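Colleague: Got a structure for you, questions after.
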Amino acid sequence: MYYCGWDGGGTKTEVCLLDANGQVLETRSFGPLNPNGTARETVEATVQDCLALMAEYGLSHCAGLVIGIAGVSNADAAGLVEDAVRRGGYTGKLRLLGDQEIALAGAVNGPGAVLIAGTGAVCFGRDAQGNSFRVGGYGYLIDDGGSGYAIGRDLLAAAVRCLDGRLPESCLTPLVLAQLQARDARDIVTWLYAPKTGKKEIASLAPLLLQGLEKQDGVALSIARKAAEDLAELVITAWQKTGMNGGELALMGSILQHYDLIRQGVIRSVQARFPGIAVHDPLGSASLGAARLAMRQAD
């Protein structure tokens with residue numbers, strides 16, 4: 001008997017198998033699974049690859065399977081994955097959850113939350129009574145401050161403001177122009193509103209901020225401070241809503257892992273307001289979290 005968890009992302013899917021004692025049997029990665037933005041054929045092929053790994057241990061021997069994907073509230077997307085799993089021959093216990101839920105289960109051991117800042121941004125957790133809470137993560141059009149998308153947008157905004165004199169000169173401006181192969185503010189606007197430019201393309205500009213921070217560029221420092229404030233606000237609001245004073249906070253996502261100034265700014269702001277919060281990196285992977293949840297649901 002074993003338990004299985006899938007962390008289904010837009011670029012890869014990680015599968016984790018636990019034995020009856022909760023020890024990891026194997027972890028392996030396959031293709032993308034997130035149905036939002038991934039072709040049906042690709043999703044189905046990934047499901048088959050994941051099931052093939054499970055079949056090595058016996059599909060009928062799996063006592064529980066939890067699959068985490070972004071956008072699980074989309075019934076059509078969730079239905080596509082569930083149908084593919086069932087058609088693939090798995091008939092046991094199955095549960096589809098949001099990616100933030102499995103991330104939390106892998107990242108902390110007790111009451112607390114994950115702060116995730118990648119392309120988007122959200123704080124999700126559970127209090128000591130097991131009640132879940134969430135702050136942020138409502139999408140790039142109206143939310144996601146401190147995310148890769150928000151930083152990319154702020155870089156574009158800073159570039160056009162520098163070019164027309166509203167901001168002082170910044171090393172970020174030539175970096176943005178070079179990456180977009182643009183000559184001036186007009187070219188930036190043309191790129192921004194082109195049909196092929198979307199959330200991912202804007203978020204892909206975020207690494208330029210690191211070059212500005214290395215040079216202590218004033219505009220870059222301002223963008224980083226704003227990102228840290230926006231992310232810290234998610235955590236502080238969550239703790240205020242729940243009434244918690246301590247607990248764990250795991251920092252996840254590319255922004256919090258690779259942008260040290262933003263990471264340290266978040267930690268300072270959060271611990272200034274709630275000194276009892278233990279801030280750390282995730283203790284385990286999201287796929288491990290999914291497998292742990294599969295084990296709990298089978299009990």
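Every chain in the structure tokens takes a letter, A first, then B, and so on in the order presented; its residues are numbered from 1, and the ligands are numbered from 1 following the presented order.
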Find the residues around Ala278 of chain A up to 12 Å (only C-alpha atoms counted), leave out those fewer than 5 positions away in its own chain, and share them as an NGL selection string.
Modeller: :A and (108-114 or 245-251 or 267-268 or 270-271)
Colleague: Can you pull out the residues contacting Ala45 of chain A? Cut-off 12 Å, using only C-alpha atoms, and skip same-chain residues under 2 positions away; I want them as a list in words.
Modeller: Thr13, Phe30, Gly31, Pro32, Leu33, Pro35, Thr38, Ala39, Arg40, Glu41, Thr42, Val43, Val47, Gln48, Asp49, Cys50, Leu51, Ala52, Val81, Ala84, Val85 and Gly88 of chain A
Colleague: Store the residues picked out above in a file with N, CA and C atoms, as a compact mmCIF listing (two decimals), in the first residue's frame.
Modeller:
# COMPACT_ATOMS: atom_id res chain seq x y z
N THR A 13 5.19 18.52 -13.80
CA THR A 13 4.39 17.88 -12.76
C THR A 13 5.29 16.96 -11.95
N PHE A 30 7.39 14.95 -14.55
CA PHE A 30 6.88 14.73 -15.90
C PHE A 30 6.49 16.08 -16.51
N GLY A 31 5.68 16.06 -17.54
CA GLY A 31 5.33 17.28 -18.26
C GLY A 31 4.29 18.12 -17.56
N PRO A 32 3.81 19.19 -18.22
CA PRO A 32 2.83 20.10 -17.61
C PRO A 32 1.47 19.46 -17.42
N LEU A 33 0.75 19.91 -16.39
CA LEU A 33 -0.57 19.35 -16.09
C LEU A 33 -1.66 20.41 -15.96
N PRO A 35 -4.44 22.55 -16.61
CA PRO A 35 -5.29 22.64 -17.80
C PRO A 35 -5.52 24.07 -18.28
N THR A 38 -2.73 24.88 -20.94
CA THR A 38 -2.06 23.70 -21.49
C THR A 38 -3.04 22.92 -22.35
N ALA A 39 -2.59 22.49 -23.52
CA ALA A 39 -3.46 21.77 -24.44
C ALA A 39 -3.98 20.48 -23.82
N ARG A 40 -5.22 20.11 -24.15
CA ARG A 40 -5.84 18.89 -23.62
C ARG A 40 -4.95 17.67 -23.86
N GLU A 41 -4.39 17.56 -25.06
CA GLU A 41 -3.57 16.40 -25.40
C GLU A 41 -2.33 16.32 -24.51
N THR A 42 -1.77 17.47 -24.19
CA THR A 42 -0.59 17.50 -23.32
C THR A 42 -0.95 17.09 -21.90
N VAL A 43 -2.07 17.59 -21.41
CA VAL A 43 -2.54 17.22 -20.07
C VAL A 43 -2.76 15.72 -19.99
N VAL A 47 -0.86 12.93 -17.61
CA VAL A 47 -1.60 12.03 -16.71
C VAL A 47 -1.17 10.59 -16.95
N GLN A 48 -1.04 10.20 -18.20
CA GLN A 48 -0.64 8.83 -18.51
C GLN A 48 0.76 8.54 -17.99
N ASP A 49 1.67 9.50 -18.10
CA ASP A 49 3.03 9.30 -17.60
C ASP A 49 3.03 9.14 -16.08
N CYS A 50 2.25 9.98 -15.40
CA CYS A 50 2.17 9.89 -13.94
C CYS A 50 1.57 8.56 -13.49
N LEU A 51 0.52 8.13 -14.19
CA LEU A 51 -0.11 6.85 -13.85
C LEU A 51 0.83 5.68 -14.13
N ALA A 52 1.67 5.83 -15.15
CA ALA A 52 2.63 4.76 -15.46
C ALA A 52 3.60 4.55 -14.31
N VAL A 81 -8.83 16.77 -15.84
CA VAL A 81 -7.80 15.98 -15.15
C VAL A 81 -8.41 14.75 -14.52
N ALA A 84 -9.30 12.10 -17.10
CA ALA A 84 -8.11 11.46 -17.64
C ALA A 84 -7.54 10.43 -16.66
N VAL A 85 -7.57 10.76 -15.37
CA VAL A 85 -7.08 9.82 -14.35
C VAL A 85 -7.95 8.58 -14.30
N GLY A 88 -7.52 6.43 -17.23
CA GLY A 88 -6.22 5.78 -17.20
C GLY A 88 -6.17 4.56 -16.32
Colleague: Residues near Pro168 of chain A, anyone? I mean within 12 Å using only C-alpha atoms, not counting same-chain ones fewer than 4 positions away, as a PyMOL selection string.
Modeller: chain A and resi 158-164+172-173+217-220
Colleague: Please produce an output containing C-alpha atoms for each residue in the selection, written as a PDB file, in the first residue's frame.
Modeller:
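File out_31.pdb, as written:
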ATOM      1  CA  ALA A 158       9.601  53.286 -14.538  1.00  0.00           C
ATOM      2  CA  ALA A 159      11.182  53.124 -17.992  1.00  0.00           C
ATOM      3  CA  VAL A 160       8.577  55.353 -19.654  1.00  0.00           C
ATOM      4  CA  ARG A 161       8.621  57.766 -16.709  1.00  0.00           C
ATOM      5  CA  CYS A 162      12.398  58.011 -16.888  1.00  0.00           C
ATOM      6  CA  LEU A 163      12.249  58.579 -20.632  1.00  0.00           C
ATOM      7  CA  ASP A 164       9.812  61.485 -20.333  1.00  0.00           C
ATOM      8  CA  LEU A 172      16.849  50.078 -15.673  1.00  0.00           C
ATOM      9  CA  THR A 173      15.769  52.095 -18.716  1.00  0.00           C
ATOM     10  CA  ASP A 217      19.991  52.115  -8.524  1.00  0.00           C
ATOM     11  CA  GLY A 218      17.471  54.378  -6.793  1.00  0.00           C
ATOM     12  CA  VAL A 219      14.538  53.469  -9.021  1.00  0.00           C
ATOM     13  CA  ALA A 220      15.290  49.750  -8.634  1.00  0.00           C
TER      14      ALA A 220
END
Colleague: Mind the document's chain letters and residue numbers, and return as a count of residues only the residues of segment 30-184 of chain A that DSSP labels strand (DSSP E or B).
Modeller: 31
Colleague: Which polymer residues have any atom within 8 Å of an atom of Trp191 of chain A, counting only C-alpha atoms, with same-chain residues fewer than 4 positions away left out, as a list in words?
Modeller: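 Listed by chain and then number, they are Leu180, Asp187 and Thr197 of chain A.
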Colleague: Set the distance at 12 Å and use only C-alpha atoms: which residues neighbour Ala63 of chain A once local chain neighbours fewer than 2 positions away are removed? I'd like the list as an NGL selection string.
Modeller: :A and (1-5 or 17-20 or 54 or 57-61 or 65-66 or 90-95 or 291-299)
Colleague: Using the chain letters and numbers from this document, which residues of segment 232-285 of chain A does DSSP assign to alpha helix (DSSP H), as a VMD selection string?
Modeller: chain A and resid 232 to 242 254 to 258 260 to 273
Colleague: If you take only C-alpha atoms and a cut-off of 12 Å, which residues of segment 128-197 of chain A touch segment 221-229 of chain A, and what are their nearest atom pairs and distances in Å to one decimal, in chain and number order, as a Markdown table?
Modeller:
| residue | atom | partner | partner_atom | distance |
| --- | --- | --- | --- | --- |
| A:Asp144 | CA | A:Ala227 | CA | 9.8 |
| A:Gly145 | CA | A:Ala227 | CA | 6.4 |
| A:Gly146 | CA | A:Ala227 | CA | 3.9 |
| A:Ser147 | CA | A:Ala227 | CA | 7.3 |
| A:Gly148 | CA | A:Ala227 | CA | 9.3 |
| A:Tyr149 | CA | A:Ala227 | CA | 10.8 |
| A:Ala150 | CA | A:Ala227 | CA | 7.9 |
| A:Ile151 | CA | A:Ile223 | CA | 7.1 |
| A:Gly152 | CA | A:Ile223 | CA | 9.8 |
| A:Arg153 | CA | A:Ile223 | CA | 10.2 |
| A:Asp154 | CA | A:Ile223 | CA | 6.8 |
| A:Leu155 | CA | A:Ile223 | CA | 7.8 |
| A:Leu156 | CA | A:Ile223 | CA | 11.1 |
| A:Ala157 | CA | A:Ile223 | CA | 10.4 |
| A:Ala158 | CA | A:Ile223 | CA | 8.8 |
| A:Ala159 | CA | A:Ile223 | CA | 11.9 |
| A:Leu167 | CA | A:Ser222 | CA | 11.4 |
| A:Ser170 | CA | A:Leu221 | CA | 10.7 |
| A:Cys171 | CA | A:Leu221 | CA | 11.6 |
| A:Leu172 | CA | A:Ile223 | CA | 10.9 |
Colleague: Considering only C-alpha atoms, state which residue in the set A:Ala107, A:Gly22, A:Ser73, A:Ala55 is at the smallest distance from Leu283 of chain A.
Modeller: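 Among A:Ala107, A:Gly22, A:Ser73, A:Ala55, it is A:Ala107 that comes nearest to Leu283 of chain A.
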